[in-house]
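Engineer: Take this structure first; my questions come after.
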Amino acid sequence: MASSLVSPSSSVFFDKKDAGYSALYPPAASFQLSGPAASTKRASKKIVSVMAPHQSERKPSTTGAVKTGMTMTEKILARAAEKNQLSPGENVWVNVDVLMTHDVCGPGCIGIFKKEFGENAKVWDREKVVIIPDHYIFTADERANRNVNILRDFCNEQDIKYFYDIKDLGNFKANPDYKGVCHVALAQEGHCRPGEVLLGTDSHTCTAGAFGQFATGIGNTDAGFVLGAGKLLLKVPPTLRFVLDGEMPDYLLAKDLILQIIGEISVAGATYKSMEFVGSTVESLTMEERMTLCNMVIEAGGKNGVVPADSTTYKYLEDKTSVPYEPLYSDEKARYLSEYRFDISKLEPLVAKPHSPDNRALARECKDVKIDRVYIGSCTGGKTEDFMAAAKVFLASGKKVKVPTFLVPATQKVWMDIYALPVPGSGGKTCSQIFEEAGCDTPASPSCGACLGGPRDTYARMNEPQVCVSTTNRNFPGRMGHKEGQIYLASPYTAAASALTGFVTDPREFLQ
């Protein structure tokens, strides 16, 4: 599979080109492969080292200051910093358009804000702060419940316009303001807009880059400062460009694409770099699939991920925001640290084996791995289209699941879609009907759920050392609860197929 994915210009099975910065960074051939991987083409090739960048002499311009091309990320930060030109490595004060926090980090941000700005200080803009309880919600844990109370008190005190509160934990539907997973709710509620700067106290804030904006996770101290000042000092990241071309096979989803990329560059391959996604495959993706793609750039160490805004973006936003926005695009002569090209038409369904998102393998290579459970949910794999994809596999099989299959919608809207939207080709059946016929657990209350473990009474938490196929984003030891649990990251297609067999399963067994 591997060697056919891209142009065979080198022994590495994707095409990586040095795309600029020649004075600052090593040539494209600086990746070194170990052992037989250097001479044979096989799927398990891994990058083991990257040569350190070297500094070459820069010749002075003969005509004074010359404006050079900028990437999309550089342009967005330049506009937010009120600068005409920015280059990677510069530190600039950036004006923030939206700050998001949730129940896990919110209390800490609030504490820092009050300590540094004063007990009676007001936030810089009550309409630019978005507070979304979503992590530890449906639990009897007193400290988790206290966190939501702290958010509520602060939002009442500050008259925060966008606080998506929950009071009745026994019935989420009794809370009309409650949304669910922050990264999906931000998009659904119209807080994601092209060209803007969105910061959040969660590493997967990078999901919003799907809208052509700069979105990244920050710490509580930074967020406490933004609450009071409305700006933050940021270092401009260099950009890696990922060109994904080729018609996407109907057994692949965006989760396969990002697992492929992380498998290539490793979990540290994009550390403090922007990851820009372009190409015909990316252009064909829906907004939710683009969100999946950008969601996991942090699993490659990325500062942010970004997809150029287009008609798909604008259509999604039509009924979600009335705030004017101005998209920005990379210049034709923008400088990229590196460029990677993939032929997606030749890609096969993938998984990330325990215990790292870059431990990539073909799903069919893991067919002998017996599993104990399947989990479909999270900001990565709990959107409406993710459940539609899973339902498609169950429908095609006509069989019942062989292991417990947990379904956790990301938001209240996704939950409603599961019960209301007909699945194409089903004769009008909804996802919920198909899931029930397949023997899945009843869709749970929308939240982050067991993606990050949580209190012991969290729904679907791994409290035993089991093997799980999951549509989530991380599979480190203890991530979903038990430290000896084993998590195989996969697309909703692969997760559903695996539920039907009780083993890690290539979805082509049911989709072709």
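Identifiers for the structure tokens are assigned positionally: chains receive A, B, ... in sequence, residues are indexed from 1 per chain, and ligands are indexed from 1 in the order shown.
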Report as CSV the residues of stretch 435-486 of chain A within 10 Å of stretch 395-418 of chain A, each with its shortest atom pair and distance in Å (one decimal), using only C-alpha atoms, ordered by chain and increasing residue number.
Structural biologist:
```
residue,atom,partner,partner_atom,distance
A:Phe435,CA,A:Leu395,CA,8.9
A:Glu436,CA,A:Lys400,CA,9.2
A:Glu437,CA,A:Lys400,CA,7.1
A:Ala438,CA,A:Lys400,CA,4.2
A:Gly439,CA,A:Lys400,CA,5.6
A:Cys440,CA,A:Thr405,CA,5.0
A:Asp441,CA,A:Phe406,CA,5.4
A:Thr442,CA,A:Leu407,CA,7.0
A:Pro443,CA,A:Leu407,CA,4.9
A:Ala444,CA,A:Val408,CA,5.1
A:Ser445,CA,A:Val408,CA,6.7
A:Pro446,CA,A:Pro409,CA,4.9
A:Ser447,CA,A:Ala410,CA,5.6
A:Cys448,CA,A:Ala410,CA,6.8
A:Gly449,CA,A:Val408,CA,6.8
A:Ala450,CA,A:Val408,CA,8.8
A:Cys451,CA,A:Val408,CA,9.6
A:Tyr459,CA,A:Phe406,CA,8.7
A:Ala460,CA,A:Phe406,CA,6.6
A:Arg461,CA,A:Phe406,CA,10.0
A:Cys468,CA,A:Thr405,CA,9.7
A:Val469,CA,A:Thr405,CA,9.5
A:Ser470,CA,A:Phe406,CA,9.5
```
Engineer: Write the residues of the preceding selection, restricted to C-alpha atoms, as an mmCIF file, in the first residue's frame.
Structural biologist:
```
data_model
loop_
_atom_site.group_PDB
_atom_site.id
_atom_site.type_symbol
_atom_site.label_atom_id
_atom_site.label_comp_id
_atom_site.auth_asym_id
_atom_site.auth_seq_id
_atom_site.Cartn_x
_atom_site.Cartn_y
_atom_site.Cartn_z
ATOM 1 C CA PHE A 435 -28.299 1.179 16.043
ATOM 2 C CA GLU A 436 -31.105 -0.479 18.007
ATOM 3 C CA GLU A 437 -31.526 -3.205 15.382
ATOM 4 C CA ALA A 438 -27.760 -3.816 15.464
ATOM 5 C CA GLY A 439 -27.794 -4.221 19.240
ATOM 6 C CA CYS A 440 -25.802 -1.112 20.157
ATOM 7 C CA ASP A 441 -26.203 0.676 23.462
ATOM 8 C CA THR A 442 -28.783 3.469 23.469
ATOM 9 C CA PRO A 443 -27.158 6.805 22.461
ATOM 10 C CA ALA A 444 -25.947 8.479 25.658
ATOM 11 C CA SER A 445 -26.194 12.050 26.914
ATOM 12 C CA PRO A 446 -23.963 14.326 24.823
ATOM 13 C CA SER A 447 -20.575 15.130 26.328
ATOM 14 C CA CYS A 448 -16.875 14.313 26.038
ATOM 15 C CA GLY A 449 -17.795 11.080 27.788
ATOM 16 C CA ALA A 450 -15.096 8.460 28.199
ATOM 17 C CA CYS A 451 -12.726 9.912 25.589
ATOM 18 C CA TYR A 459 -20.567 6.458 30.927
ATOM 19 C CA ALA A 460 -18.530 3.874 28.952
ATOM 20 C CA ARG A 461 -15.325 4.606 30.883
ATOM 21 C CA CYS A 468 -11.330 -0.953 22.554
ATOM 22 C CA VAL A 469 -11.719 0.318 18.988
ATOM 23 C CA SER A 470 -12.535 4.005 19.310
#
```
Engineer: Which residues in stretch 127-242 of chain A does DSSP call alpha helix (DSSP H)? List them as number ranges by chain.
Structural biologist: A: 142-158, 182-188, 220-229
Engineer: Using only C-alpha atoms, which protein or nucleic acid residues come within 8 Å of A:Arg364? Drop anything in the same chain fewer than 5 positions from it, and give the result as a VMD selection string.
Structural biologist: chain A and resid 349 504 to 506
Engineer: Counting only C-alpha atoms, which of A:Asp319, A:Glu264, A:Asp331, A:Glu509 gets nearest to A:Asn359?
Structural biologist: A:Glu264
Engineer: Which residue, A:Lys273, A:Lys320, A:Arg360, A:Lys483, has the smallest gap to A:Gly302 when you use only C-alpha atoms?
Structural biologist: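 Ranking A:Lys273, A:Lys320, A:Arg360, A:Lys483 by distance to A:Gly302, first place goes to A:Lys273.
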Engineer: Counting only C-alpha atoms, figure out which residue out of A:Val374, A:Ala208, A:Leu328, A:Ala187 gets nearest to A:Tyr316.
Structural biologist: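 Nearest candidate to A:Tyr316 out of A:Val374, A:Ala208, A:Leu328, A:Ala187: A:Ala187.
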Engineer: From the set A:His482, A:Asp168, A:Val197, A:Pro507, which residue has the shortest atom-to-atom contact distance to A:Ala81, counting only C-alpha atoms?
Structural biologist: A:Val197
